[in-house]
Amino acid sequence: MNIHQYYPVDIVNGPGTRCTLFVSGCVHECPGCYNKSTWRLNSGMAFTQEMEDRIIADLNDMRIRRQGLSLSGGDPLHPQNIADVLKLVQRVRAECLGKDIWMWTGYKLDELTEAQREVVDLINVLIDGKFIQDLKDPALVWRGSSNQVVHHLR
(Lines give C-alpha, C1' and ligand atoms only; values in the text may rest on other atoms or scores of the structure.)
Protein backbone atom coordinates (compact mmCIF):
# COMPACT_ATOMS: atom_id res chain seq x y z
CA MET A 1 0.00 0.00 0.00
CA ASN A 2 1.07 3.55 -0.65
CA ILE A 3 0.09 6.57 1.38
CA HIS A 4 -0.14 10.24 0.56
CA GLN A 5 -0.09 11.92 3.92
CA TYR A 6 -0.04 11.16 7.60
CA TYR A 7 -1.14 13.74 10.14
CA PRO A 8 -0.14 12.74 13.68
CA VAL A 9 -2.34 15.52 15.10
CA ASP A 10 -5.55 16.34 13.21
CA ILE A 11 -8.75 18.07 14.28
CA VAL A 12 -10.55 18.11 10.90
CA ASN A 13 -11.13 14.49 9.85
CA GLY A 14 -13.40 13.18 12.58
CA PRO A 15 -14.26 14.18 16.13
CA GLY A 16 -11.66 15.27 18.66
CA THR A 17 -7.91 15.20 18.12
CA ARG A 18 -6.92 12.29 15.89
CA CYS A 19 -4.24 10.65 13.80
CA THR A 20 -5.23 10.70 10.12
CA LEU A 21 -3.82 8.58 7.30
CA PHE A 22 -4.56 9.29 3.63
CA VAL A 23 -3.93 6.21 1.48
CA SER A 24 -3.33 6.01 -2.27
CA GLY A 25 -5.63 4.33 -4.75
CA CYS A 26 -9.24 5.01 -5.70
CA VAL A 27 -11.27 3.40 -8.47
CA HIS A 28 -14.22 5.77 -8.04
CA GLU A 29 -12.53 8.92 -9.41
CA CYS A 30 -15.48 11.10 -8.46
CA PRO A 31 -15.79 14.35 -10.45
CA GLY A 32 -15.13 17.24 -8.08
CA CYS A 33 -13.07 15.14 -5.67
CA TYR A 34 -10.91 17.36 -3.46
CA ASN A 35 -8.17 14.72 -3.27
CA LYS A 36 -7.48 13.68 -6.88
CA SER A 37 -3.76 13.32 -6.16
CA THR A 38 -4.54 10.14 -4.19
CA TRP A 39 -6.29 8.25 -7.00
CA ARG A 40 -3.29 6.38 -8.44
CA LEU A 41 -2.21 3.32 -6.44
CA ASN A 42 1.47 4.01 -7.06
CA SER A 43 1.38 7.67 -6.00
CA GLY A 44 2.74 8.89 -2.70
CA MET A 45 5.15 6.79 -0.65
CA ALA A 46 5.23 3.22 0.59
CA PHE A 47 3.41 2.40 3.82
CA THR A 48 6.14 0.84 5.93
CA GLN A 49 6.30 -1.07 9.20
CA GLU A 50 7.96 2.04 10.66
CA MET A 51 4.94 4.15 9.67
CA GLU A 52 2.53 1.62 11.15
CA ASP A 53 4.56 1.57 14.39
CA ARG A 54 4.58 5.38 14.47
CA ILE A 55 0.78 5.53 14.17
CA ILE A 56 0.38 3.11 17.08
CA ALA A 57 2.90 5.09 19.15
CA ASP A 58 1.18 8.39 18.32
CA LEU A 59 -2.23 7.01 19.28
CA ASN A 60 -0.80 5.91 22.64
CA ASP A 61 1.19 9.12 23.27
CA MET A 62 -0.32 10.68 26.38
CA ARG A 63 1.32 14.08 25.80
CA ILE A 64 -1.26 14.76 23.07
CA ARG A 65 -4.36 12.69 23.71
CA ARG A 66 -5.96 11.40 20.52
CA GLN A 67 -9.51 10.13 20.32
CA GLY A 68 -8.68 7.80 17.48
CA LEU A 69 -7.56 7.09 13.93
CA SER A 70 -9.13 8.38 10.71
CA LEU A 71 -8.52 6.54 7.42
CA SER A 72 -9.22 8.31 4.15
CA GLY A 73 -7.66 8.67 0.75
CA GLY A 74 -7.84 7.58 -1.98
CA ASP A 75 -9.87 4.71 -0.61
CA PRO A 76 -8.81 2.55 2.33
CA LEU A 77 -11.07 -0.21 1.02
CA HIS A 78 -9.46 -0.35 -2.43
CA PRO A 79 -8.75 -4.08 -2.95
CA GLN A 80 -4.98 -3.50 -3.01
CA ASN A 81 -5.10 -1.59 0.31
CA ILE A 82 -7.17 -4.06 2.31
CA ALA A 83 -4.37 -6.27 3.66
CA ASP A 84 -2.38 -3.36 5.09
CA VAL A 85 -5.45 -1.50 6.36
CA LEU A 86 -6.72 -4.68 8.04
CA LYS A 87 -3.38 -5.21 9.78
CA LEU A 88 -3.36 -1.59 10.95
CA VAL A 89 -6.91 -1.60 12.33
CA GLN A 90 -6.28 -4.94 14.05
CA ARG A 91 -3.25 -3.42 15.79
CA VAL A 92 -5.21 -0.31 16.79
CA ARG A 93 -7.92 -2.52 18.32
CA ALA A 94 -5.33 -4.65 20.18
CA GLU A 95 -2.82 -1.98 21.25
CA CYS A 96 -4.72 1.32 21.49
CA LEU A 97 -7.50 0.66 23.95
CA GLY A 98 -10.35 3.15 23.91
CA LYS A 99 -9.42 4.66 20.53
CA ASP A 100 -12.05 4.83 17.80
CA ILE A 101 -11.52 4.29 14.07
CA TRP A 102 -13.29 6.33 11.39
CA MET A 103 -13.09 5.49 7.68
CA TRP A 104 -14.18 7.17 4.44
CA THR A 105 -14.85 5.05 1.35
CA GLY A 106 -16.56 5.40 -2.01
CA TYR A 107 -17.95 1.88 -1.65
CA LYS A 108 -21.46 1.44 -0.19
CA LEU A 109 -21.80 -0.54 3.03
CA ASP A 110 -24.28 -3.01 1.53
CA GLU A 111 -22.01 -3.72 -1.47
CA LEU A 112 -18.78 -4.58 0.36
CA THR A 113 -16.84 -7.74 -0.43
CA GLU A 114 -16.04 -10.22 2.32
CA ALA A 115 -12.49 -8.84 2.61
CA GLN A 116 -13.73 -5.24 2.84
CA ARG A 117 -16.33 -6.32 5.42
CA GLU A 118 -13.59 -7.88 7.56
CA VAL A 119 -12.01 -4.42 7.87
CA VAL A 120 -15.30 -2.59 8.42
CA ASP A 121 -16.27 -5.02 11.20
CA LEU A 122 -13.37 -3.59 13.24
CA ILE A 123 -14.08 0.13 12.85
CA ASN A 124 -16.43 2.46 14.70
CA VAL A 125 -17.71 4.78 11.97
CA LEU A 126 -17.89 4.35 8.21
CA ILE A 127 -18.75 7.21 5.88
CA ASP A 128 -19.71 5.52 2.62
CA GLY A 129 -20.66 6.43 -0.91
CA LYS A 130 -19.10 8.25 -3.81
CA PHE A 131 -18.84 12.02 -3.72
CA ILE A 132 -21.47 13.44 -6.11
CA GLN A 133 -20.77 17.00 -7.19
CA ASP A 134 -24.46 17.84 -7.77
CA LEU A 135 -25.24 16.79 -4.17
CA LYS A 136 -22.36 18.72 -2.62
CA ASP A 137 -23.36 20.50 0.57
CA PRO A 138 -20.76 22.41 2.63
CA ALA A 139 -23.13 22.36 5.63
CA LEU A 140 -22.86 18.56 5.98
CA VAL A 141 -20.78 17.19 8.83
CA TRP A 142 -18.09 14.59 8.00
CA ARG A 143 -19.21 14.16 4.37
CA GLY A 144 -19.12 16.12 1.14
CA SER A 145 -22.37 15.21 -0.59
CA SER A 146 -25.83 14.35 0.71
CA ASN A 147 -25.85 10.81 -0.72
CA GLN A 148 -23.01 9.79 1.59
CA VAL A 149 -24.05 8.12 4.84
CA VAL A 150 -22.39 8.20 8.27
CA HIS A 151 -22.75 4.70 9.74
CA HIS A 152 -22.11 4.43 13.49
CA LEU A 153 -21.16 0.77 13.67
CA ARG A 154 -20.08 0.37 17.30
# chains A, B, ... in the order shown; residues from 1 in each chain; ligands from 1
>>> residues_around(residues="Ile55 in chain A", least_positions_apart="5", cutoff="9 Å", atoms="only C-alpha atoms", output="list in words")
Tyr6, Pro8, Cys19, Thr20, Leu21, Glu50, Asn60, Leu69, Leu88 and Val92 of chain A
>>> closest_residue(among="A:Arg66, A:Arg91, A:His28, A:Arg40", to="Asp10 in chain A", atoms="only C-alpha atoms")
A:Arg66
>>> atom_distance(atom1="CA of Pro79 in chain A", atom2="CA of Val27 in chain A")
9.6 Å
>>> select_by_dssp(residues="range 9-80 of chain A", states="alpha helix (DSSP H)", output="number ranges by chain")
A: 49-60
>>> closest_residue(among="A:Ile64, A:Ile3, A:Ile82, A:Val125", to="Phe47 in chain A", atoms="only C-alpha atoms")
A:Ile3
>>> residues_around(residues="Ala57 in chain A", least_positions_apart="4", cutoff="10 Å", atoms="only C-alpha atoms", output="PyMOL selection string")
chain A and resi 8+51-53+61-62+95-96
>>> closest_residue(among="A:Lys136, A:Arg18, A:Arg143, A:His152", to="Arg65 in chain A", atoms="only C-alpha atoms")
A:Arg18
>>> closest_residue(among="A:Gln5, A:Thr48, A:Leu77, A:Gln67", to="Thr113 in chain A", atoms="only C-alpha atoms")
A:Leu77
>>> closest_residue(among="A:Val23, A:Met1, A:Leu112, A:Leu71", to="Gln49 in chain A", atoms="only C-alpha atoms")
A:Met1
